[in-house]
Amino acid sequence: MSTSKRNREAVLRECDCEAVMGEGDHLAIDNRQRAVRLARRPLESFLRRVRDEVGFRNAGVTICLVSDAEIARLNETFRKKKGPTDVLSFPTVARRRPKRPPSEGGPYDRRKGGEYLGDIAISPATARRYARKHGRNFSSELQVLILHGVLHLLGYDHESDRGEMDRVERKLRKRLGLA
């Protein structure tokens, strides 16, 4: 789910994540939960693959792994929905239209650097429950959520785009081996 009503600093304060400011080639995964053990390096590697696949090599993203209680609080604060969700995205820029990857006909200039796309909050506990419920691997579930969150940062919104985000996400899942 994408939430674009607050700026990045406010989101990080709400999320209790460290404000890891950076321009350009900034990617960070900040594990702020302890309920689910996970390896951060493979997630960082996958985030770099996603960024490269969508063609935003110089863009920055921070992912904050949070508890169910924290993501439920964020969900209530920003979406007015009760309970935990698996992923929330906080783009730095509210886009009227998605910023399409070059692979989808987008005009993005790869030489242009320094853009910070935004922040993503993921609840590993909720992700693990969803993975078990749907018979999926937990590691793959986290990767799907990273991809999903990045697409929201680019301006895609499956709640209002008549299937566009779903089509792009399916293509990218295949390319990234998540089909």
# chains A, B, ... in the order shown; residues from 1 in each chain; ligands from 1
>>> residues_around(residues="Ala39 in chain A", least_positions_apart="5", cutoff="10 Å", atoms="only C-alpha atoms", output="ChimeraX atom specification")
/A:31,44,139
>>> residues_around(residues="Pro84 in chain A", least_positions_apart="5", cutoff="12 Å", atoms="only C-alpha atoms", output="NGL selection string")
:A and (1 or 66-77 or 79 or 121-127 or 129-130)
>>> closest_residue(among="A:Ser140, A:Arg175, A:Leu147, A:Tyr156", to="Pro42 in chain A", atoms="only C-alpha atoms")
A:Ser140
>>> residues_around(residues="Ala28 in chain A", least_positions_apart="2", cutoff="8 Å", atoms="only C-alpha atoms", output="PyMOL selection string")
chain A and resi 20+26+30+44+61-63
>>> write_last_selection(atoms="C-alpha atoms", output="PDB file, in the first residue's frame")
ATOM      1  CA  VAL A  20      19.554   7.348   6.998  1.00  0.00           C
ATOM      2  CA  HIS A  26      21.608   4.866  -1.168  1.00  0.00           C
ATOM      3  CA  ASP A  30      16.981  -1.351   8.805  1.00  0.00           C
ATOM      4  CA  GLU A  44      19.912  -6.015   0.341  1.00  0.00           C
ATOM      5  CA  VAL A  61      15.394   3.484  -1.020  1.00  0.00           C
ATOM      6  CA  THR A  62      15.222   2.612   2.679  1.00  0.00           C
ATOM      7  CA  ILE A  63      13.371  -0.461   3.917  1.00  0.00           C
TER       8      ILE A  63
END
>>> closest_residue(among="A:Lys82, A:Ile146, A:Lys171, A:Phe56", to="Glu115 in chain A", atoms="only C-alpha atoms")
A:Phe56
>>> residues_around(residues="Leu47 in chain A", least_positions_apart="4", cutoff="12 Å", atoms="only C-alpha atoms", output="PDB file with C-alpha atoms, in the first residue's frame")
ATOM      1  CA  ASP A  25      23.226   5.211  -4.590  1.00  0.00           C
ATOM      2  CA  HIS A  26      21.608   4.866  -1.168  1.00  0.00           C
ATOM      3  CA  LEU A  27      19.989   1.562  -0.307  1.00  0.00           C
ATOM      4  CA  ALA A  28      19.405   0.492   3.271  1.00  0.00           C
ATOM      5  CA  ILE A  29      17.524  -2.183   5.146  1.00  0.00           C
ATOM      6  CA  ARG A  40      19.546  -8.923   5.882  1.00  0.00           C
ATOM      7  CA  ARG A  41      22.295  -9.295   3.247  1.00  0.00           C
ATOM      8  CA  PRO A  42      20.239 -11.410   0.804  1.00  0.00           C
ATOM      9  CA  LEU A  43      17.448  -8.825   1.055  1.00  0.00           C
ATOM     10  CA  ARG A  51      16.636  -1.345  -8.543  1.00  0.00           C
ATOM     11  CA  ASP A  52      18.799  -2.444 -11.469  1.00  0.00           C
ATOM     12  CA  GLU A  53      15.938  -4.308 -13.156  1.00  0.00           C
ATOM     13  CA  VAL A  54      13.605  -1.326 -13.050  1.00  0.00           C
ATOM     14  CA  PHE A  56      16.840   3.286 -11.366  1.00  0.00           C
ATOM     15  CA  ARG A  57      20.452   2.517 -10.589  1.00  0.00           C
ATOM     16  CA  ALA A  59      17.977   6.075  -6.883  1.00  0.00           C
ATOM     17  CA  GLY A  60      17.780   5.568  -3.128  1.00  0.00           C
ATOM     18  CA  VAL A  61      15.394   3.484  -1.020  1.00  0.00           C
ATOM     19  CA  THR A  62      15.222   2.612   2.679  1.00  0.00           C
ATOM     20  CA  ILE A  63      13.371  -0.461   3.917  1.00  0.00           C
ATOM     21  CA  ILE A 120       9.134   1.006   2.669  1.00  0.00           C
ATOM     22  CA  LEU A 142       9.894 -10.845   1.499  1.00  0.00           C
ATOM     23  CA  GLN A 143      11.326 -10.387  -1.991  1.00  0.00           C
ATOM     24  CA  VAL A 144       7.831 -10.004  -3.459  1.00  0.00           C
ATOM     25  CA  LEU A 145       7.071  -7.350  -0.823  1.00  0.00           C
ATOM     26  CA  ILE A 146      10.265  -5.454  -1.643  1.00  0.00           C
ATOM     27  CA  LEU A 147       9.342  -5.428  -5.338  1.00  0.00           C
ATOM     28  CA  HIS A 148       5.751  -4.453  -4.527  1.00  0.00           C
ATOM     29  CA  GLY A 149       6.923  -1.622  -2.275  1.00  0.00           C
ATOM     30  CA  VAL A 150       9.350  -0.270  -4.887  1.00  0.00           C
ATOM     31  CA  LEU A 151       6.574  -0.215  -7.497  1.00  0.00           C
ATOM     32  CA  LEU A 176      13.604 -11.785 -11.007  1.00  0.00           C
TER      33      LEU A 176
END
>>> decode(residues="range 36-102 of chain A", atoms="C-alpha atoms", output="PDB file, in the first residue's frame")
ATOM      1  CA  VAL A  36      11.349 -13.026  13.096  1.00  0.00           C
ATOM      2  CA  ARG A  37      14.951 -13.953  12.446  1.00  0.00           C
ATOM      3  CA  LEU A  38      16.120 -13.182   8.958  1.00  0.00           C
ATOM      4  CA  ALA A  39      19.268 -12.547   6.979  1.00  0.00           C
ATOM      5  CA  ARG A  40      19.546  -8.923   5.882  1.00  0.00           C
ATOM      6  CA  ARG A  41      22.295  -9.295   3.247  1.00  0.00           C
ATOM      7  CA  PRO A  42      20.239 -11.410   0.804  1.00  0.00           C
ATOM      8  CA  LEU A  43      17.448  -8.825   1.055  1.00  0.00           C
ATOM      9  CA  GLU A  44      19.912  -6.015   0.341  1.00  0.00           C
ATOM     10  CA  SER A  45      21.211  -7.950  -2.654  1.00  0.00           C
ATOM     11  CA  PHE A  46      17.668  -8.485  -3.930  1.00  0.00           C
ATOM     12  CA  LEU A  47      16.867  -4.783  -3.458  1.00  0.00           C
ATOM     13  CA  ARG A  48      19.875  -3.922  -5.650  1.00  0.00           C
ATOM     14  CA  ARG A  49      18.621  -6.407  -8.278  1.00  0.00           C
ATOM     15  CA  VAL A  50      15.169  -4.803  -8.224  1.00  0.00           C
ATOM     16  CA  ARG A  51      16.636  -1.345  -8.543  1.00  0.00           C
ATOM     17  CA  ASP A  52      18.799  -2.444 -11.469  1.00  0.00           C
ATOM     18  CA  GLU A  53      15.938  -4.308 -13.156  1.00  0.00           C
ATOM     19  CA  VAL A  54      13.605  -1.326 -13.050  1.00  0.00           C
ATOM     20  CA  GLY A  55      16.429   0.911 -14.292  1.00  0.00           C
ATOM     21  CA  PHE A  56      16.840   3.286 -11.366  1.00  0.00           C
ATOM     22  CA  ARG A  57      20.452   2.517 -10.589  1.00  0.00           C
ATOM     23  CA  ASN A  58      21.147   5.860  -8.936  1.00  0.00           C
ATOM     24  CA  ALA A  59      17.977   6.075  -6.883  1.00  0.00           C
ATOM     25  CA  GLY A  60      17.780   5.568  -3.128  1.00  0.00           C
ATOM     26  CA  VAL A  61      15.394   3.484  -1.020  1.00  0.00           C
ATOM     27  CA  THR A  62      15.222   2.612   2.679  1.00  0.00           C
ATOM     28  CA  ILE A  63      13.371  -0.461   3.917  1.00  0.00           C
ATOM     29  CA  CYS A  64      12.432  -0.606   7.573  1.00  0.00           C
ATOM     30  CA  LEU A  65      11.540  -4.059   8.928  1.00  0.00           C
ATOM     31  CA  VAL A  66       9.083  -3.490  11.759  1.00  0.00           C
ATOM     32  CA  SER A  67       6.952  -5.417  14.244  1.00  0.00           C
ATOM     33  CA  ASP A  68       3.298  -6.203  13.709  1.00  0.00           C
ATOM     34  CA  ALA A  69       2.395  -3.631  16.362  1.00  0.00           C
ATOM     35  CA  GLU A  70       4.420  -0.949  14.588  1.00  0.00           C
ATOM     36  CA  ILE A  71       3.029  -1.646  11.126  1.00  0.00           C
ATOM     37  CA  ALA A  72      -0.501  -1.743  12.587  1.00  0.00           C
ATOM     38  CA  ARG A  73       0.144   1.713  14.079  1.00  0.00           C
ATOM     39  CA  LEU A  74       1.460   2.989  10.733  1.00  0.00           C
ATOM     40  CA  ASN A  75      -1.503   1.434   8.914  1.00  0.00           C
ATOM     41  CA  GLU A  76      -3.910   3.201  11.268  1.00  0.00           C
ATOM     42  CA  THR A  77      -2.035   6.515  11.129  1.00  0.00           C
ATOM     43  CA  PHE A  78      -1.568   6.732   7.379  1.00  0.00           C
ATOM     44  CA  ARG A  79      -4.377   4.613   5.912  1.00  0.00           C
ATOM     45  CA  LYS A  80      -6.986   4.706   8.674  1.00  0.00           C
ATOM     46  CA  LYS A  81      -7.097   0.894   8.607  1.00  0.00           C
ATOM     47  CA  LYS A  82      -6.925  -1.242  11.740  1.00  0.00           C
ATOM     48  CA  GLY A  83      -4.506  -4.111  12.166  1.00  0.00           C
ATOM     49  CA  PRO A  84      -1.194  -5.112  10.655  1.00  0.00           C
ATOM     50  CA  THR A  85      -0.479  -5.311   6.959  1.00  0.00           C
ATOM     51  CA  ASP A  86       2.543  -6.778   5.224  1.00  0.00           C
ATOM     52  CA  VAL A  87       3.970  -3.716   3.462  1.00  0.00           C
ATOM     53  CA  LEU A  88       3.526   0.062   3.356  1.00  0.00           C
ATOM     54  CA  SER A  89       5.307   2.448   1.002  1.00  0.00           C
ATOM     55  CA  PHE A  90       6.081   6.108   1.603  1.00  0.00           C
ATOM     56  CA  PRO A  91       7.181   7.817  -1.634  1.00  0.00           C
ATOM     57  CA  THR A  92       9.078  11.087  -1.334  1.00  0.00           C
ATOM     58  CA  VAL A  93       7.145  12.455  -4.300  1.00  0.00           C
ATOM     59  CA  ALA A  94       3.461  11.941  -4.939  1.00  0.00           C
ATOM     60  CA  ARG A  95       3.263  11.026  -8.620  1.00  0.00           C
ATOM     61  CA  ARG A  96       0.196  11.528 -10.758  1.00  0.00           C
ATOM     62  CA  ARG A  97       1.433   8.797 -13.060  1.00  0.00           C
ATOM     63  CA  PRO A  98       3.840   5.954 -12.400  1.00  0.00           C
ATOM     64  CA  LYS A  99       7.477   6.544 -13.174  1.00  0.00           C
ATOM     65  CA  ARG A 100       7.780   3.653 -15.579  1.00  0.00           C
ATOM     66  CA  PRO A 101      10.935   1.588 -15.795  1.00  0.00           C
ATOM     67  CA  PRO A 102      12.698   1.710 -19.184  1.00  0.00           C
TER      68      PRO A 102
END
